[in-house]
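Engineer: What follows is the file protein04.pdb, containing PDB, C-alpha atoms, pLDDT in the B column:
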ATOM      1  CA  MET V  29      61.359 164.025  59.974  1.00 48.00           C
ATOM      2  CA  GLU V  30      59.461 167.171  59.232  1.00 51.00           C
ATOM      3  CA  CYS V  31      56.071 167.611  60.807  1.00 55.00           C
ATOM      4  CA  GLU V  32      55.882 171.392  60.937  1.00 50.00           C
ATOM      5  CA  ASP V  33      57.197 174.320  58.934  1.00 52.00           C
ATOM      6  CA  SER V  34      60.652 175.835  59.312  1.00 52.00           C
ATOM      7  CA  SER V  35      59.434 179.019  61.033  1.00 53.00           C
ATOM      8  CA  ARG V  36      59.450 177.449  64.485  1.00 58.00           C
ATOM      9  CA  ASP V  37      60.512 179.140  67.695  1.00 63.00           C
ATOM     10  CA  ASN V  38      61.736 175.995  69.485  1.00 58.00           C
ATOM     11  CA  ALA V  39      64.472 173.447  68.824  1.00 62.00           C
ATOM     12  CA  VAL V  40      63.507 170.495  66.648  1.00 81.00           C
ATOM     13  CA  LEU V  41      64.776 167.888  69.145  1.00 86.00           C
ATOM     14  CA  ILE V  42      65.590 168.302  72.821  1.00 88.00           C
ATOM     15  CA  ASP V  43      67.963 165.898  74.569  1.00 88.00           C
ATOM     16  CA  MET V  44      66.193 164.572  77.666  1.00 87.00           C
ATOM     17  CA  LYS V  45      69.230 162.927  79.284  1.00 84.00           C
ATOM     18  CA  GLU V  46      69.051 163.659  83.017  1.00 76.00           C
ATOM     19  CA  ARG V  47      66.265 166.194  82.429  1.00 79.00           C
ATOM     20  CA  ASP V  48      62.661 166.330  83.568  1.00 83.00           C
ATOM     21  CA  VAL V  49      60.122 166.944  80.816  1.00 83.00           C
ATOM     22  CA  LYS V  50      58.224 169.391  83.050  1.00 84.00           C
ATOM     23  CA  ARG V  51      61.317 171.591  83.291  1.00 85.00           C
ATOM     24  CA  VAL V  52      62.125 171.442  79.585  1.00 85.00           C
ATOM     25  CA  ILE V  53      58.743 171.860  77.875  1.00 87.00           C
ATOM     26  CA  PRO V  54      56.932 175.168  78.509  1.00 84.00           C
ATOM     27  CA  ALA V  55      53.578 174.860  80.274  1.00 88.00           C
ATOM     28  CA  GLY V  56      50.682 174.529  77.866  1.00 90.00           C
ATOM     29  CA  PHE V  57      52.768 173.243  74.947  1.00 89.00           C
ATOM     30  CA  SER V  58      52.038 169.955  73.243  1.00 90.00           C
ATOM     31  CA  TYR V  59      55.009 167.641  72.907  1.00 91.00           C
ATOM     32  CA  PHE V  60      56.144 164.161  71.925  1.00 90.00           C
ATOM     33  CA  VAL V  61      58.787 162.315  73.970  1.00 90.00           C
ATOM     34  CA  VAL V  62      60.589 159.031  73.381  1.00 88.00           C
ATOM     35  CA  TYR V  63      62.613 157.635  76.285  1.00 86.00           C
ATOM     36  CA  PHE V  64      65.365 155.075  75.756  1.00 81.00           C
ATOM     37  CA  GLY V  65      65.274 153.064  78.975  1.00 77.00           C
ATOM     38  CA  LEU V  66      67.126 154.823  81.770  1.00 76.00           C
ATOM     39  CA  GLU V  67      69.470 156.613  79.361  1.00 79.00           C
ATOM     40  CA  GLY V  68      67.223 159.588  78.681  1.00 83.00           C
ATOM     41  CA  GLY V  69      65.502 160.287  75.401  1.00 88.00           C
ATOM     42  CA  MET V  70      64.424 162.961  72.954  1.00 89.00           C
ATOM     43  CA  ALA V  71      61.545 165.436  73.029  1.00 90.00           C
ATOM     44  CA  HIS V  72      59.901 167.477  70.297  1.00 89.00           C
ATOM     45  CA  ILE V  73      57.725 170.511  71.025  1.00 89.00           C
ATOM     46  CA  ILE V  74      54.651 170.606  68.802  1.00 89.00           C
ATOM     47  CA  GLU V  75      53.941 174.265  68.153  1.00 87.00           C
ATOM     48  CA  ASN V  76      51.014 173.812  65.783  1.00 89.00           C
ATOM     49  CA  GLU V  77      49.017 170.611  66.275  1.00 90.00           C
ATOM     50  CA  SER V  78      47.108 171.136  63.024  1.00 91.00           C
ATOM     51  CA  LEU V  79      50.364 170.608  61.073  1.00 91.00           C
ATOM     52  CA  VAL V  80      51.188 167.298  62.770  1.00 89.00           C
ATOM     53  CA  PRO V  81      49.544 164.154  61.375  1.00 90.00           C
ATOM     54  CA  SER V  82      47.590 161.985  63.805  1.00 87.00           C
ATOM     55  CA  TRP V  83      50.012 159.113  63.110  1.00 89.00           C
ATOM     56  CA  PHE V  84      53.147 161.123  64.021  1.00 89.00           C
ATOM     57  CA  GLY V  85      54.000 158.908  67.008  1.00 88.00           C
ATOM     58  CA  GLN V  86      53.545 155.747  64.965  1.00 90.00           C
ATOM     59  CA  GLU V  87      55.837 157.165  62.287  1.00 90.00           C
ATOM     60  CA  VAL V  88      58.551 157.968  64.832  1.00 87.00           C
ATOM     61  CA  ILE V  89      58.454 154.484  66.373  1.00 88.00           C
ATOM     62  CA  GLY V  90      58.202 152.825  62.942  1.00 90.00           C
ATOM     63  CA  GLY V  91      61.277 154.760  61.827  1.00 89.00           C
ATOM     64  CA  MET V  92      63.203 153.784  64.961  1.00 86.00           C
ATOM     65  CA  LEU V  93      62.370 150.141  64.260  1.00 88.00           C
ATOM     66  CA  GLY V  94      63.309 150.438  60.582  1.00 91.00           C
ATOM     67  CA  LEU V  95      59.826 149.435  59.444  1.00 90.00           C
ATOM     68  CA  GLU V  96      58.394 150.095  56.002  1.00 89.00           C
ATOM     69  CA  TYR V  97      55.432 152.472  55.816  1.00 86.00           C
ATOM     70  CA  ASN V  98      52.863 149.725  55.201  1.00 84.00           C
ATOM     71  CA  GLN V  99      54.064 147.779  58.247  1.00 84.00           C
ATOM     72  CA  TRP V 100      52.991 150.461  60.706  1.00 84.00           C
ATOM     73  CA  ARG V 101      50.516 152.743  58.888  1.00 85.00           C
ATOM     74  CA  LYS V 102      48.044 150.257  57.413  1.00 81.00           C
ATOM     75  CA  PRO V 103      49.120 146.754  58.369  1.00 77.00           C
ATOM     76  CA  ALA V 104      47.269 143.740  57.033  1.00 80.00           C
ATOM     77  CA  ASN V 105      44.475 142.408  59.225  1.00 86.00           C
ATOM     78  CA  GLU V 106      45.460 139.628  61.603  1.00 86.00           C
ATOM     79  CA  VAL V 107      43.248 137.111  63.312  1.00 93.00           C
ATOM     80  CA  LEU V 108      43.173 137.303  67.110  1.00 94.00           C
ATOM     81  CA  GLU V 109      45.203 134.100  67.605  1.00 96.00           C
ATOM     82  CA  GLN V 110      48.083 135.527  65.517  1.00 93.00           C
ATOM     83  CA  GLN V 111      48.057 138.730  67.548  1.00 92.00           C
ATOM     84  CA  VAL V 112      48.108 136.831  70.855  1.00 95.00           C
ATOM     85  CA  LYS V 113      51.130 134.789  69.699  1.00 96.00           C
ATOM     86  CA  ARG V 114      52.985 137.902  68.526  1.00 92.00           C
ATOM     87  CA  VAL V 115      52.329 139.686  71.832  1.00 93.00           C
ATOM     88  CA  ALA V 116      53.587 136.679  73.829  1.00 93.00           C
ATOM     89  CA  THR V 117      56.770 136.551  71.723  1.00 93.00           C
ATOM     90  CA  PHE V 118      57.301 140.293  72.135  1.00 90.00           C
ATOM     91  CA  LYS V 119      56.867 140.078  75.920  1.00 88.00           C
ATOM     92  CA  LYS V 120      59.547 137.382  76.116  1.00 89.00           C
ATOM     93  CA  GLN V 121      61.946 139.468  74.010  1.00 87.00           C
ATOM     94  CA  LEU V 122      61.233 142.627  76.008  1.00 84.00           C
ATOM     95  CA  LYS V 123      61.668 141.070  79.441  1.00 82.00           C
ATOM     96  CA  GLU V 124      65.481 141.350  79.506  1.00 77.00           C
ATOM     97  CA  PHE V 125      65.282 145.058  78.581  1.00 76.00           C
ATOM     98  CA  ASP V 126      62.392 146.042  80.866  1.00 73.00           C
ATOM     99  CA  SER V 127      63.868 148.200  83.626  1.00 68.00           C
ATOM    100  CA  THR V 128      60.580 148.104  85.568  1.00 69.00           C
ATOM    101  CA  ILE V 129      60.864 144.381  86.291  1.00 62.00           C
ATOM    102  CA  PHE V 130      63.019 143.456  89.275  1.00 55.00           C
ATOM    103  CA  GLN V 131      65.240 140.617  88.167  1.00 53.00           C
ATOM    104  CA  LYS V 132      66.808 138.353  90.800  1.00 48.00           C
TER     105      LYS V 132
END
Mind turning the file's structure into structure tokens?

Structural biologist:
Amino acid sequence: MECEDSSRDNAVLIDMKERDVKRVIPAGFSYFVVYFGLEGGMAHIIENESLVPSWFGQEVIGGMLGLEYNQWRKPANEVLEQQVKRVATFKKQLKEFDSTIFQK
């Protein structure tokens, strides 16, 4: 994914495995981080915010999920009841992967 020009000073992606974002990203820089559970993640320093679209984060997550553009950028309107059902289903699916929930 390209969100800025090629004349950047910083690496495109930074491996965050066993690293603290505060030690990796220079103070005052904007950044985007995706963590993969307890296995670390990837960070991207945003050098020029005016070159990054406001939906950059949605595009990253949509790409990770293999979604088509229209599924994440401008999805069809849903009635509230449909949304509530989808959220409940998602919570059930997420529960086994949620490292913040203590499972007995």

Engineer: The PyMOL selection byres ((chain V and resi 57-62) around 10) - which residues does that actually catch in the file I just gave you? List them as a VMD selection string.

Structural biologist: chain V and resid 41 to 44 49 53 to 56 63 to 65 68 to 77 84 to 85 88 to 89

Engineer: Give me the residues within 10 Å of Trp83 in chain V as a compact mmCIF listing (two decimals) with C-alpha atoms, in the frame of the given file, counting all atoms listed in the file and dropping any in the same chain fewer than 4 places off.

Structural biologist:
# COMPACT_ATOMS: atom_id res chain seq x y z
CA GLU V 87 55.84 157.16 62.29
CA VAL V 88 58.55 157.97 64.83
CA TRP V 100 52.99 150.46 60.71
CA ARG V 101 50.52 152.74 58.89

Engineer: What gap, in Å, lies between CA of Asn105 in chain V and CA of Gly90 in chain V?

Structural biologist: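 Computed distance, CA of Asn105 in chain V to CA of Gly90 in chain V, equals 17.6 Å.
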
Engineer: Could you work out how far CA of Leu66 in chain V lies from CA of Glu124 in chain V, giving the answer in Å with one decimal?

Structural biologist: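 Computing it gives 13.8 Å between the two atoms.
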
Engineer: If you measure from CA of Leu122 in chain V to CA of Glu67 in chain V, what distance in Å do you get, rounded to one decimal?

Structural biologist: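 Atom-to-atom, CA of Leu122 in chain V to CA of Glu67 in chain V, that is 16.6 Å.
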
Engineer: Find the residue from V:Lys119, V:Phe125, V:Val112, V:Gln99 that sits nearest to Gln86 in chain V; use all atoms listed in the file when measuring.

Structural biologist: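 Counting all atoms listed in the file, the residue closest to Gln86 in chain V is V:Gln99.
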